[in-house]
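Participant: To be precise about what I am sending: the file is called model34.cif and holds mmCIF, C-alpha atoms.
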data_input
loop_
_atom_site.label_atom_id
_atom_site.label_comp_id
_atom_site.auth_asym_id
_atom_site.auth_seq_id
_atom_site.Cartn_x
_atom_site.Cartn_y
_atom_site.Cartn_z
CA MET A 1 356.47 -21.32 131.69
CA LEU A 2 358.03 -18.62 129.55
CA ALA A 3 360.09 -17.18 132.39
CA ALA A 4 361.68 -20.59 132.92
CA VAL A 5 362.78 -20.74 129.31
CA TYR A 6 363.75 -17.14 128.68
CA SER A 7 364.38 -14.57 131.38
CA CYS A 8 361.89 -11.72 131.31
CA GLN A 9 364.45 -8.94 131.08
CA HIS A 10 366.15 -10.60 128.13
CA PHE A 11 362.74 -11.21 126.59
CA ALA A 12 361.92 -7.52 126.92
CA ARG A 13 365.20 -6.52 125.32
CA GLN A 14 364.82 -8.98 122.45
CA TYR A 15 361.17 -8.04 121.98
CA LEU A 16 362.07 -4.42 121.35
CA ARG A 17 365.02 -5.30 119.15
CA GLY A 18 362.71 -7.35 116.95
CA SER A 19 364.45 -10.74 116.91
CA ILE A 20 361.46 -12.31 118.65
CA CYS A 21 358.83 -10.17 116.94
CA ALA A 22 359.44 -11.79 113.58
CA ALA A 23 358.68 -15.22 115.01
CA VAL A 24 355.64 -13.94 116.89
CA THR A 25 354.31 -12.33 113.72
CA ASP A 26 354.70 -15.52 111.70
CA ARG A 27 353.12 -17.74 114.31
CA ALA A 28 350.36 -15.50 115.65
CA GLY A 29 349.18 -14.13 112.34
CA PHE A 30 349.14 -10.42 113.19
CA HIS A 31 351.37 -7.75 111.72
CA LEU A 32 354.10 -6.35 113.95
CA SER A 33 357.27 -5.80 111.95
CA ARG A 34 360.90 -5.88 113.10
CA ARG A 35 361.10 -2.19 112.30
CA SER A 36 358.15 -1.26 114.49
CA CYS A 37 359.30 -3.52 117.30
CA ARG A 38 362.65 -1.87 117.65
CA ASP A 39 361.36 1.59 116.81
CA ARG A 40 361.26 4.14 119.57
CA THR A 41 357.48 4.06 119.38
CA LEU A 42 357.46 0.82 121.34
CA ALA A 43 360.40 1.53 123.57
CA ILE A 44 359.10 3.88 126.21
CA HIS A 45 356.33 2.85 128.62
CA ARG A 46 355.98 -0.64 127.20
CA PHE A 47 359.52 -1.70 128.08
CA GLN A 48 359.12 -0.54 131.66
CA SER A 49 355.66 -2.07 131.91
CA LEU A 50 356.84 -5.41 130.57
CA LEU A 51 359.68 -5.60 133.07
CA SER A 52 357.23 -4.85 135.86
CA VAL A 53 354.85 -7.51 134.67
CA CYS A 54 357.64 -10.04 134.29
CA ARG A 55 358.29 -9.85 137.99
CA SER A 56 354.82 -11.25 138.52
CA SER A 57 354.06 -14.96 138.36
CA ASN A 58 350.90 -14.24 136.39
CA ILE A 59 352.53 -13.12 133.16
CA LEU A 60 350.72 -15.71 131.04
CA ASP A 61 347.28 -15.30 132.61
CA PRO A 62 345.20 -12.98 130.38
CA ASN A 63 342.52 -12.67 133.03
CA HIS A 64 344.79 -11.56 135.86
CA PRO A 65 345.05 -7.78 136.55
CA GLN A 66 348.85 -8.06 136.67
CA SER A 67 349.11 -9.98 133.41
CA PHE A 68 351.12 -9.17 130.30
CA MET A 69 347.94 -8.36 128.38
CA THR A 70 346.73 -5.84 130.98
CA HIS A 71 349.92 -3.80 131.29
CA PHE A 72 351.36 -4.17 127.80
CA PRO A 73 348.53 -3.11 125.46
CA LEU A 74 349.28 -3.22 121.76
CA ARG A 75 347.13 -1.16 119.43
CA ARG A 76 344.92 -3.17 117.10
CA ILE A 77 345.97 -6.42 118.80
CA THR A 78 343.44 -8.28 120.92
CA ARG A 79 344.18 -10.00 124.19
CA GLN A 80 343.55 -13.31 122.49
CA ALA A 81 346.12 -12.49 119.81
CA ALA A 82 348.61 -11.36 122.45
CA ALA A 83 348.10 -14.59 124.37
CA THR A 84 348.55 -16.53 121.15
CA SER A 85 351.74 -14.60 120.40
CA ILE A 86 353.25 -15.49 123.78
CA ALA A 87 352.42 -19.14 123.30
CA ALA A 88 353.92 -18.94 119.81
CA LEU A 89 356.96 -17.23 121.27
CA ALA A 90 357.59 -20.09 123.66
CA LEU A 91 357.45 -22.47 120.70
CA SER A 92 359.67 -20.25 118.57
CA LEU A 93 362.63 -19.63 120.87
CA ALA A 94 364.92 -21.92 118.96
CA ALA A 95 364.24 -20.05 115.72
CA CYS A 96 364.70 -16.75 117.51
CA GLY A 97 368.04 -17.68 118.98
CA GLY A 98 366.53 -18.24 122.44
CA GLY A 99 368.44 -19.93 125.19
CA THR A 100 368.75 -19.62 128.91
CA PRO A 101 370.72 -16.44 129.56
CA GLN A 102 370.50 -14.76 132.92
CA ALA A 103 368.53 -11.54 133.25
CA GLY A 104 370.49 -8.52 132.15
CA THR A 105 373.18 -10.48 130.32
CA SER A 106 373.60 -11.86 126.84
CA PRO A 107 375.37 -15.08 125.91
CA ALA A 108 378.90 -14.79 124.61
CA GLY A 109 379.03 -15.08 120.86
CA GLU A 110 380.78 -13.76 117.85
CA SER A 111 382.49 -10.51 118.81
CA PRO A 112 381.00 -7.36 117.33
CA ALA A 113 383.15 -4.74 115.72
CA GLY A 114 384.86 -2.64 118.31
CA GLY A 115 385.41 -5.27 120.97
CA SER A 116 386.02 -8.90 121.82
CA PRO A 117 385.68 -11.14 124.88
CA ALA A 118 389.44 -11.11 125.26
CA ASP A 119 389.34 -7.36 125.55
CA SER A 120 386.70 -7.42 128.27
CA PRO A 121 387.56 -4.63 130.72
CA ALA A 122 386.40 -6.58 133.75
CA ALA A 123 387.15 -10.12 134.85
CA ALA A 124 384.28 -10.25 137.35
CA GLU A 125 380.73 -9.19 136.56
CA ALA A 126 380.35 -5.42 136.50
CA THR A 127 377.30 -3.26 135.82
CA VAL A 128 376.75 -0.18 133.67
CA LYS A 129 373.57 1.76 134.43
CA VAL A 130 371.95 3.74 131.61
CA ASP A 131 368.67 5.67 131.57
CA GLY A 132 367.02 8.59 129.83
CA SER A 133 365.52 9.34 126.44
CA SER A 134 363.08 6.87 124.94
CA THR A 135 364.25 8.10 121.53
CA VAL A 136 367.85 7.08 122.18
CA PHE A 137 366.75 3.94 124.01
CA PRO A 138 366.70 1.64 120.93
CA ILE A 139 370.28 2.61 120.11
CA SER A 140 371.59 2.02 123.63
CA GLU A 141 369.67 -1.22 123.95
CA ALA A 142 371.03 -2.52 120.65
CA MET A 143 374.54 -1.41 121.61
CA ALA A 144 374.20 -3.04 125.03
CA GLU A 145 373.12 -6.31 123.48
CA GLU A 146 376.14 -6.48 121.17
CA PHE A 147 378.52 -5.17 123.84
CA MET A 148 377.44 -7.86 126.30
CA LYS A 149 377.98 -10.56 123.69
CA ALA A 150 381.60 -9.45 123.48
CA ASN A 151 381.87 -8.88 127.24
CA PRO A 152 379.76 -11.54 129.00
CA ASN A 153 381.04 -10.47 132.43
CA ILE A 154 379.51 -7.01 132.07
CA LYS A 155 375.82 -6.29 132.51
CA VAL A 156 374.42 -3.15 130.89
CA ILE A 157 371.03 -2.09 132.23
CA VAL A 158 369.15 0.36 129.99
CA GLY A 159 366.03 2.23 131.11
CA SER A 160 363.83 4.79 129.39
CA SER A 161 362.46 7.37 131.80
CA GLY A 162 362.64 10.13 129.19
CA THR A 163 365.36 12.73 128.74
CA GLY A 164 364.23 14.83 131.69
CA GLY A 165 363.63 11.86 133.97
CA GLY A 166 366.98 10.42 133.00
CA PHE A 167 368.80 13.62 133.94
CA LYS A 168 367.12 13.61 137.35
CA LYS A 169 368.52 10.15 138.04
CA PHE A 170 371.87 11.00 136.47
CA CYS A 171 372.36 14.20 138.46
CA ALA A 172 371.42 12.32 141.63
CA GLY A 173 374.24 9.87 140.94
CA GLU A 174 371.95 6.93 140.23
CA THR A 175 373.21 6.19 136.70
CA ASP A 176 376.50 6.14 134.82
CA ILE A 177 375.17 7.29 131.44
CA SER A 178 372.14 9.42 130.56
CA ASN A 179 370.56 9.27 127.11
CA ALA A 180 369.15 12.50 125.73
CA SER A 181 367.31 13.51 122.57
CA ARG A 182 368.28 17.15 123.19
CA PRO A 183 371.11 19.03 124.90
CA ILE A 184 371.01 19.32 128.67
CA LYS A 185 368.90 22.26 129.93
CA LYS A 186 370.04 25.04 132.25
CA GLU A 187 368.01 23.72 135.18
CA GLU A 188 369.49 20.25 134.65
CA ILE A 189 372.98 21.70 134.61
CA GLU A 190 372.24 23.27 137.98
CA LEU A 191 370.82 19.99 139.24
CA CYS A 192 374.02 18.18 138.33
CA LYS A 193 376.09 20.88 140.01
CA LYS A 194 374.03 20.41 143.15
CA GLY A 195 374.68 16.67 142.98
CA ASN A 196 378.41 17.19 142.30
CA VAL A 197 378.07 15.34 139.01
CA GLU A 198 380.37 16.32 136.15
CA TYR A 199 379.58 14.91 132.73
CA VAL A 200 381.00 14.38 129.26
CA GLU A 201 378.52 15.25 126.50
CA LEU A 202 378.79 12.98 123.44
CA PRO A 203 376.68 13.07 120.26
CA VAL A 204 375.94 9.51 119.10
CA SER A 205 373.61 9.75 116.11
CA TYR A 206 371.18 11.80 114.06
CA ASP A 207 367.48 11.45 113.57
CA GLY A 208 365.63 12.86 110.58
CA LEU A 209 361.99 12.63 109.54
CA SER A 210 361.02 12.38 105.88
CA VAL A 211 357.82 13.71 104.31
CA VAL A 212 356.74 11.64 101.31
CA VAL A 213 354.03 11.62 98.64
CA ASN A 214 352.99 9.25 95.90
CA PRO A 215 355.43 9.10 92.93
CA LYS A 216 352.60 10.15 90.60
CA ASN A 217 352.16 13.41 92.49
CA ASP A 218 353.50 15.97 90.00
CA PHE A 219 352.55 19.17 91.80
CA VAL A 220 354.39 18.89 95.14
CA THR A 221 358.17 19.12 95.30
CA CYS A 222 358.60 21.33 98.37
CA LEU A 223 356.42 22.21 101.37
CA SER A 224 357.00 24.89 103.97
CA VAL A 225 356.64 24.32 107.70
CA ASP A 226 353.60 26.62 107.61
CA GLN A 227 351.98 24.47 104.93
CA LEU A 228 352.65 21.31 106.94
CA LYS A 229 351.19 22.98 110.00
CA LYS A 230 348.07 23.95 108.07
CA MET A 231 347.81 20.33 107.01
CA TRP A 232 348.40 18.66 110.40
CA GLU A 233 347.29 21.05 113.15
CA PRO A 234 344.23 20.13 115.25
CA ALA A 235 342.17 22.92 113.66
CA ALA A 236 342.57 21.23 110.25
CA GLU A 237 340.44 18.27 111.25
CA GLY A 238 337.31 18.12 109.14
CA LYS A 239 338.20 21.37 107.39
CA VAL A 240 341.40 20.93 105.41
CA LYS A 241 340.33 18.13 103.08
CA SER A 242 341.88 19.06 99.73
CA TRP A 243 345.35 19.86 98.46
CA LYS A 244 343.85 23.12 97.22
CA ASP A 245 343.18 24.04 100.87
CA ILE A 246 346.95 23.95 101.43
CA ASP A 247 347.86 26.06 98.40
CA PRO A 248 345.52 27.59 95.80
CA LYS A 249 348.00 26.50 93.14
CA PHE A 250 347.50 22.85 94.06
CA PRO A 251 344.70 20.84 92.38
CA ASP A 252 341.40 20.21 94.11
CA LYS A 253 342.23 16.62 94.99
CA PRO A 254 341.35 14.90 98.29
CA LEU A 255 344.13 14.99 100.88
CA ALA A 256 344.86 11.61 102.48
CA LEU A 257 347.28 11.65 105.40
CA TYR A 258 349.35 8.81 106.87
CA GLY A 259 351.63 9.08 109.87
CA ALA A 260 352.99 7.61 113.07
CA GLY A 261 350.53 6.62 115.77
CA THR A 262 349.99 8.78 118.82
CA ASP A 263 352.03 6.40 121.01
CA SER A 264 355.07 7.12 118.85
CA GLY A 265 358.07 9.24 119.67
CA THR A 266 358.15 10.05 115.96
CA TYR A 267 354.67 11.49 116.31
CA ASP A 268 355.70 13.52 119.37
CA TYR A 269 358.69 15.05 117.62
CA PHE A 270 356.85 15.74 114.38
CA THR A 271 353.97 17.49 116.13
CA LYS A 272 356.31 19.50 118.33
CA VAL A 273 358.21 21.06 115.43
CA ILE A 274 355.35 21.24 112.92
CA THR A 275 352.14 22.00 114.82
CA GLY A 276 353.96 23.72 117.67
CA GLU A 277 352.64 21.49 120.43
CA GLU A 278 353.89 18.00 121.18
CA GLY A 279 351.23 15.34 120.83
CA LYS A 280 348.67 17.61 119.18
CA SER A 281 347.44 17.10 115.62
CA ARG A 282 344.30 16.45 113.65
CA GLY A 283 342.83 13.05 114.41
CA ASP A 284 341.37 12.20 111.02
CA TYR A 285 344.48 10.65 109.49
CA THR A 286 345.59 7.03 109.17
CA PRO A 287 347.96 6.28 112.07
CA SER A 288 350.23 3.28 112.34
CA GLU A 289 353.10 2.08 114.48
CA ASP A 290 354.31 0.12 111.44
CA ASP A 291 356.07 2.08 108.71
CA ASN A 292 355.07 -0.57 106.17
CA VAL A 293 351.45 0.53 106.54
CA ILE A 294 352.41 4.14 105.80
CA VAL A 295 354.47 3.10 102.77
CA GLN A 296 351.61 1.00 101.43
CA GLY A 297 349.13 3.80 102.01
CA VAL A 298 351.17 6.53 100.32
CA SER A 299 352.38 4.35 97.47
CA GLY A 300 348.81 3.23 96.76
CA ASP A 301 347.09 6.62 96.88
CA GLU A 302 348.04 9.37 94.43
CA SER A 303 346.61 12.09 96.71
CA SER A 304 348.37 10.99 99.90
CA LEU A 305 351.16 12.30 102.13
CA GLY A 306 352.95 10.66 105.03
CA PHE A 307 356.00 10.89 107.26
CA PHE A 308 358.48 8.57 108.98
CA GLY A 309 362.21 8.19 109.63
CA PHE A 310 364.71 8.88 106.85
CA ALA A 311 366.31 5.45 107.06
CA TYR A 312 363.00 3.82 106.24
CA TYR A 313 362.47 6.12 103.23
CA GLU A 314 365.88 5.02 101.98
CA ALA A 315 364.72 1.41 102.07
CA ASN A 316 361.56 2.24 100.08
CA LYS A 317 362.60 5.09 97.79
CA ASP A 318 361.49 3.22 94.67
CA LYS A 319 357.87 3.42 95.90
CA LEU A 320 357.81 7.00 97.18
CA LYS A 321 358.57 10.59 96.24
CA LEU A 322 360.55 12.62 98.76
CA VAL A 323 359.34 16.15 99.56
CA GLU A 324 361.80 18.95 100.24
CA ILE A 325 361.11 21.09 103.32
CA LYS A 326 361.36 24.87 103.52
CA GLY A 327 362.39 25.89 107.01
CA LYS A 328 363.59 29.14 108.55
CA SER A 329 366.34 29.48 105.95
CA GLY A 330 363.72 29.92 103.24
CA LYS A 331 365.42 27.25 101.13
CA CYS A 332 363.88 23.97 100.05
CA VAL A 333 366.08 21.19 101.42
CA ALA A 334 365.74 17.45 100.96
CA PRO A 335 366.77 15.09 103.76
CA SER A 336 370.00 13.21 103.24
CA ALA A 337 372.77 11.90 105.45
CA GLU A 338 374.61 15.20 104.88
CA THR A 339 371.72 17.66 105.34
CA ILE A 340 370.47 15.86 108.44
CA ALA A 341 373.96 15.76 109.92
CA ASP A 342 374.68 19.46 109.33
CA ALA A 343 371.15 20.46 110.44
CA SER A 344 370.40 22.25 107.17
CA TYR A 345 367.40 19.95 106.88
CA GLU A 346 365.40 21.77 109.50
CA PRO A 347 363.37 21.51 111.59
CA LEU A 348 363.05 17.76 111.06
CA SER A 349 366.60 16.76 111.99
CA ARG A 350 368.44 16.72 115.30
CA PRO A 351 371.43 15.10 116.99
CA GLU A 352 371.03 12.64 119.85
CA PHE A 353 373.34 12.36 122.84
CA ILE A 354 374.69 10.33 125.69
CA TYR A 355 376.00 12.02 128.83
CA VAL A 356 378.66 10.07 130.70
CA LYS A 357 379.41 10.78 134.35
CA LYS A 358 383.06 11.77 134.58
CA ASP A 359 383.68 9.86 137.80
CA ALA A 360 382.17 6.76 136.19
CA LEU A 361 384.81 6.86 133.44
CA SER A 362 387.25 5.53 136.04
CA LYS A 363 385.33 2.26 135.78
CA PRO A 364 386.72 0.27 132.83
CA GLU A 365 383.30 -1.12 131.96
CA VAL A 366 381.68 2.33 131.69
CA LYS A 367 384.46 3.79 129.59
CA ALA A 368 384.46 0.71 127.36
CA PHE A 369 380.71 0.89 126.76
CA ALA A 370 380.80 4.62 126.05
CA ALA A 371 383.65 4.08 123.57
CA PHE A 372 381.75 1.18 122.00
CA GLN A 373 378.74 3.39 121.28
CA ILE A 374 380.73 6.06 119.45
CA ASP A 375 383.09 3.67 117.63
CA PRO A 376 382.61 4.09 113.84
CA ALA A 377 383.07 0.33 113.52
CA ASN A 378 379.66 -0.07 115.17
CA LYS A 379 377.76 2.44 113.05
CA GLN A 380 375.73 -0.34 111.43
CA ILE A 381 374.13 -1.04 114.81
CA ILE A 382 372.85 2.54 114.79
CA ALA A 383 371.72 2.28 111.18
CA ASP A 384 369.84 -0.94 111.95
CA THR A 385 367.71 0.87 114.53
CA GLY A 386 366.63 3.40 111.89
CA TYR A 387 368.92 6.28 112.85
CA LEU A 388 371.87 7.94 111.12
CA PRO A 389 375.38 7.32 112.43
CA LEU A 390 377.73 10.26 112.92
CA THR A 391 379.63 11.42 109.85
CA GLU A 392 383.27 10.58 109.26
CA GLU A 393 384.11 14.17 110.13
CA LEU A 394 382.38 14.05 113.50
CA ALA A 395 383.41 10.59 114.75
CA PRO A 396 387.06 11.44 115.59
CA LEU A 397 385.99 14.70 117.22
CA VAL A 398 383.58 12.87 119.50
CA LYS A 399 386.20 10.24 120.31
CA ALA A 400 388.69 12.99 121.21
CA ARG A 401 386.09 14.52 123.53
CA LEU A 402 385.65 11.20 125.33
CA ASP A 403 389.39 10.47 125.49
CA ALA A 404 390.04 13.90 127.00
CA ALA A 405 387.03 13.56 129.34
CA THR A 406 385.96 17.08 128.34
CA THR A 407 383.23 18.11 130.74
CA GLY A 408 380.27 20.45 130.32
CA THR A 409 377.92 21.15 127.45
CA MET A 410 378.68 22.60 124.05
CA PHE A 411 375.30 24.33 124.09
CA ALA A 412 375.77 26.79 126.97
CA ASP A 413 375.81 29.66 124.47
CA LYS A 414 372.24 30.60 123.52
CA ASP A 415 373.27 30.71 119.85
CA ALA A 416 374.99 27.32 119.95
CA LYS A 417 372.01 25.46 118.47
CA LYS A 418 372.34 27.57 115.34
CA LYS A 419 375.91 26.37 114.80
CA LYS A 420 377.08 23.19 113.13
CA LEU A 421 377.90 20.35 115.49
CA ALA A 422 381.37 19.95 113.98
CA ASP A 423 382.19 23.58 114.82
CA LEU A 424 380.98 23.12 118.38
CA LEU A 425 383.09 20.00 118.84
CA LYS A 426 386.17 21.67 117.42
CA ALA A 427 385.69 24.72 119.65
CA LYS A 428 385.54 22.58 122.75
#
Render the structure in this file as structure tokens.

Facilitator:
Amino acid sequence: MLAAVYSCQHFARQYLRGSICAAVTDRAGFHLSRRSCRDRTLAIHRFQSLLSVCRSSNILDPNHPQSFMTHFPLRRITRQAAATSIAALALSLAACGGGTPQAGTSPAGESPAGGSPADSPAAAEATVKVDGSSTVFPISEAMAEEFMKANPNIKVIVGSSGTGGGFKKFCAGETDISNASRPIKKEEIELCKKGNVEYVELPVSYDGLSVVVNPKNDFVTCLSVDQLKKMWEPAAEGKVKSWKDIDPKFPDKPLALYGAGTDSGTYDYFTKVITGEEGKSRGDYTPSEDDNVIVQGVSGDESSLGFFGFAYYEANKDKLKLVEIKGKSGKCVAPSAETIADASYEPLSRPEFIYVKKDALSKPEVKAFAAFQIDPANKQIIADTGYLPLTEELAPLVKARLDAATTGTMFADKDAKKKKLADLLKAK
């Protein structure tokens, strides 16, 4: 039985990170890439559901109401294919690096940058509890995996109840670290005060979405947020069919749209800042949880447009044309590591955070894991999950904030979000 070979919690972690997905894809014959597996789009409810199902003895029974196939639905993948993938997974553990680790721990191995088993801050097993944003989840889970390899006596448990749900647990004293895809809100600040929880706010990465067209498209170089809204809003369905409908200056060519699926955090963020309502868009576009499908669609259709994370555009820039975005500044700005980091590429860029409970920093394991996540030596871990690491300018400022255990938020001022993150860090 799978659970006897590979603990369910470790299976869930590896499934989302993608190390198992590659083997499943090869054996089962359906397409589920490493990128999509570790992307935030699969991190949220599915991780929690899988852990729940793993506690049941019926995980491999496709006909049981508590089975893997019932509670872990994958779009465009049949139950039969899912069952085949699990069987293939059991046969593929050796190729995937499978072993017999205990739930919640990873086997000791080569030490990642930023730590080593000899430097383990705890001799006996200790636990770090993390919860919060599903967007930040892939980063924390990847960090936890590498951190536990270097520190086998420490167990890092990462959940994904969402930013708001994470703060509720955090302010109630249930977790040590809370992941957030936005700054803490006023009501959450009050909740933490009520729970006597002080926190250290630390930026960990940047996320930016890229809008792309076919390289042969010679009429689009920049699009405004209003034009993107006209293109993607629910009212556009069945009505906005041509590029000319977006701008009279554009040719009367059919408009083909590709984007993240509706289960995706990328989709949620894009719709929130473009259409004005999270989770709401036209339905007559080609959705996919796999960025490869979007790349293939846009690169193969001269009249197409799509969107996905900046890191994935970087890996496929030879097949695509990047579109500049005109935001509130009125300037056309292309996404880059610099423009995403300084927020001039708006509104499709944002920083992501971890909030560390001040009292928990007295625990060596919590402080070590927090330091591990912001250590520039580990920036490749962030890059591998499809996000942008902090800039060289920001990294020492964030480290200084952790070392000083500076409490509170940098965003208490209503105008703070308009300022550069480096200025906020220096001011605090």

Participant: Using only C-alpha atoms, pick whichever of A:Leu421, A:Ala343, A:Leu209, A:Ile157 has the shortest atom-to-atom distance to Phe307 (chain A).

Facilitator: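 Closest to Phe307 (chain A), using only C-alpha atoms: A:Leu209.
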
Participant: Set the distance at 9 Å and use only C-alpha atoms: which residues neighbour region 295-306 of chain A once local chain neighbours fewer than 6 positions away are removed? I'd like the list as a list in words.

Facilitator: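 In the requested format, the answer is Ser210, Val211, Val212, Val213, Asn214, Pro215, Lys216, Asn217, Ser242, Trp243, Lys253, Pro254, Leu255, Ala256, Leu257, Tyr258, Gly259, Ala260, Thr286, Tyr313, Asn316, Lys319, Leu320 and Lys321 of chain A.
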
Participant: For the residues in the current selection, export C-alpha atoms as a PDB file, in the frame of the given file.

Facilitator:
ATOM      1  CA  SER A 210     361.020  12.380 105.880  1.00  0.00           C
ATOM      2  CA  VAL A 211     357.820  13.710 104.310  1.00  0.00           C
ATOM      3  CA  VAL A 212     356.740  11.640 101.310  1.00  0.00           C
ATOM      4  CA  VAL A 213     354.030  11.620  98.640  1.00  0.00           C
ATOM      5  CA  ASN A 214     352.990   9.250  95.900  1.00  0.00           C
ATOM      6  CA  PRO A 215     355.430   9.100  92.930  1.00  0.00           C
ATOM      7  CA  LYS A 216     352.600  10.150  90.600  1.00  0.00           C
ATOM      8  CA  ASN A 217     352.160  13.410  92.490  1.00  0.00           C
ATOM      9  CA  SER A 242     341.880  19.060  99.730  1.00  0.00           C
ATOM     10  CA  TRP A 243     345.350  19.860  98.460  1.00  0.00           C
ATOM     11  CA  LYS A 253     342.230  16.620  94.990  1.00  0.00           C
ATOM     12  CA  PRO A 254     341.350  14.900  98.290  1.00  0.00           C
ATOM     13  CA  LEU A 255     344.130  14.990 100.880  1.00  0.00           C
ATOM     14  CA  ALA A 256     344.860  11.610 102.480  1.00  0.00           C
ATOM     15  CA  LEU A 257     347.280  11.650 105.400  1.00  0.00           C
ATOM     16  CA  TYR A 258     349.350   8.810 106.870  1.00  0.00           C
ATOM     17  CA  GLY A 259     351.630   9.080 109.870  1.00  0.00           C
ATOM     18  CA  ALA A 260     352.990   7.610 113.070  1.00  0.00           C
ATOM     19  CA  THR A 286     345.590   7.030 109.170  1.00  0.00           C
ATOM     20  CA  TYR A 313     362.470   6.120 103.230  1.00  0.00           C
ATOM     21  CA  ASN A 316     361.560   2.240 100.080  1.00  0.00           C
ATOM     22  CA  LYS A 319     357.870   3.420  95.900  1.00  0.00           C
ATOM     23  CA  LEU A 320     357.810   7.000  97.180  1.00  0.00           C
ATOM     24  CA  LYS A 321     358.570  10.590  96.240  1.00  0.00           C
TER      25      LYS A 321
END

Participant: Residues at most 12 Å from Glu174 (chain A), counting only C-alpha atoms, excluding those fewer than 2 positions away in the same chain, as an NGL selection string?

Facilitator: :A and (128-132 or 159 or 165-172 or 176-178 or 192 or 195 or 197 or 357 or 360)

Participant: Only C-alpha atoms, please: the residues just picked out, written as an mmCIF file, keeping the file's coordinate frame.

Facilitator:
data_model
loop_
_atom_site.group_PDB
_atom_site.id
_atom_site.type_symbol
_atom_site.label_atom_id
_atom_site.label_comp_id
_atom_site.auth_asym_id
_atom_site.auth_seq_id
_atom_site.Cartn_x
_atom_site.Cartn_y
_atom_site.Cartn_z
ATOM 1 C CA VAL A 128 376.750 -0.180 133.670
ATOM 2 C CA LYS A 129 373.570 1.760 134.430
ATOM 3 C CA VAL A 130 371.950 3.740 131.610
ATOM 4 C CA ASP A 131 368.670 5.670 131.570
ATOM 5 C CA GLY A 132 367.020 8.590 129.830
ATOM 6 C CA GLY A 159 366.030 2.230 131.110
ATOM 7 C CA GLY A 165 363.630 11.860 133.970
ATOM 8 C CA GLY A 166 366.980 10.420 133.000
ATOM 9 C CA PHE A 167 368.800 13.620 133.940
ATOM 10 C CA LYS A 168 367.120 13.610 137.350
ATOM 11 C CA LYS A 169 368.520 10.150 138.040
ATOM 12 C CA PHE A 170 371.870 11.000 136.470
ATOM 13 C CA CYS A 171 372.360 14.200 138.460
ATOM 14 C CA ALA A 172 371.420 12.320 141.630
ATOM 15 C CA ASP A 176 376.500 6.140 134.820
ATOM 16 C CA ILE A 177 375.170 7.290 131.440
ATOM 17 C CA SER A 178 372.140 9.420 130.560
ATOM 18 C CA CYS A 192 374.020 18.180 138.330
ATOM 19 C CA GLY A 195 374.680 16.670 142.980
ATOM 20 C CA VAL A 197 378.070 15.340 139.010
ATOM 21 C CA LYS A 357 379.410 10.780 134.350
ATOM 22 C CA ALA A 360 382.170 6.760 136.190
#

Participant: To one decimal in Å, tell me the separation between CA of Asp359 (chain A) and CA of Gln373 (chain A).

Facilitator: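 Between these atoms lies a distance of 18.4 Å.
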
Participant: Evaluate the PyMOL selection byres ((chain A and resi 346) around 9) on the structure here and hand back the selected residues as a list in words.

Facilitator: Gly208, Ile325, Lys326, Gly327, Lys328, Ser329, Val333, Pro335, Thr339, Ile340, Ala343, Ser344, Tyr345, Pro347, Leu348, Ser349 and Arg350 of chain A

Participant: Using the chain letters and numbers from the file, which residues does the PyMOL selection byres ((chain A and resi 389) around 6) grab, as a compact mmCIF listing (two decimals) with C-alpha atoms, in the coordinates of the input?

Facilitator:
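Here's the written file result00.txt:
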# COMPACT_ATOMS: atom_id res chain seq x y z
CA SER A 205 373.61 9.75 116.11
CA LYS A 379 377.76 2.44 113.05
CA ILE A 382 372.85 2.54 114.79
CA LEU A 388 371.87 7.94 111.12
CA LEU A 390 377.73 10.26 112.92

Participant: Interatomic distance between CA of Asn153 (chain A) and CA of Pro138 (chain A)?

Facilitator: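 Atom-to-atom, CA of Asn153 (chain A) and CA of Pro138 (chain A) are spaced 22.0 Å apart.
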
Participant: Since I can't run it myself right now, could you work out what the PyMOL selection byres ((chain A and resi 399-409) around 8) selects here and report it as a PyMOL selection string?

Facilitator: chain A and resi 183-184+198-202+358+371+374-375+395-398+410-412+425+428

Participant: CA of Lys414 (chain A) and CA of Lys194 (chain A) are how many Å apart?

Facilitator: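 A separation of 22.2 Å between them.
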
Participant: Pick the closest to Ala368 (chain A) from A:Ala315, A:Leu228, A:Ala334, A:Val356: which is it, counting only C-alpha atoms?

Facilitator: A:Val356

Participant: Taking all atoms listed in the file into account, name the residue in A:Lys426, A:Lys239, A:Arg182, A:Lys419 that is nearest to Gly162 (chain A).

Facilitator: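 That would be A:Arg182, the residue with the smallest distance to Gly162 (chain A).
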
Participant: Using only C-alpha atoms, which of the listed residues (A:Asn151, A:Asn179, A:Val225, A:Ser134) sits closest to Tyr355 (chain A)?

Facilitator: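 Checking each candidate against Tyr355 (chain A), we get A:Asn179 as the closest.
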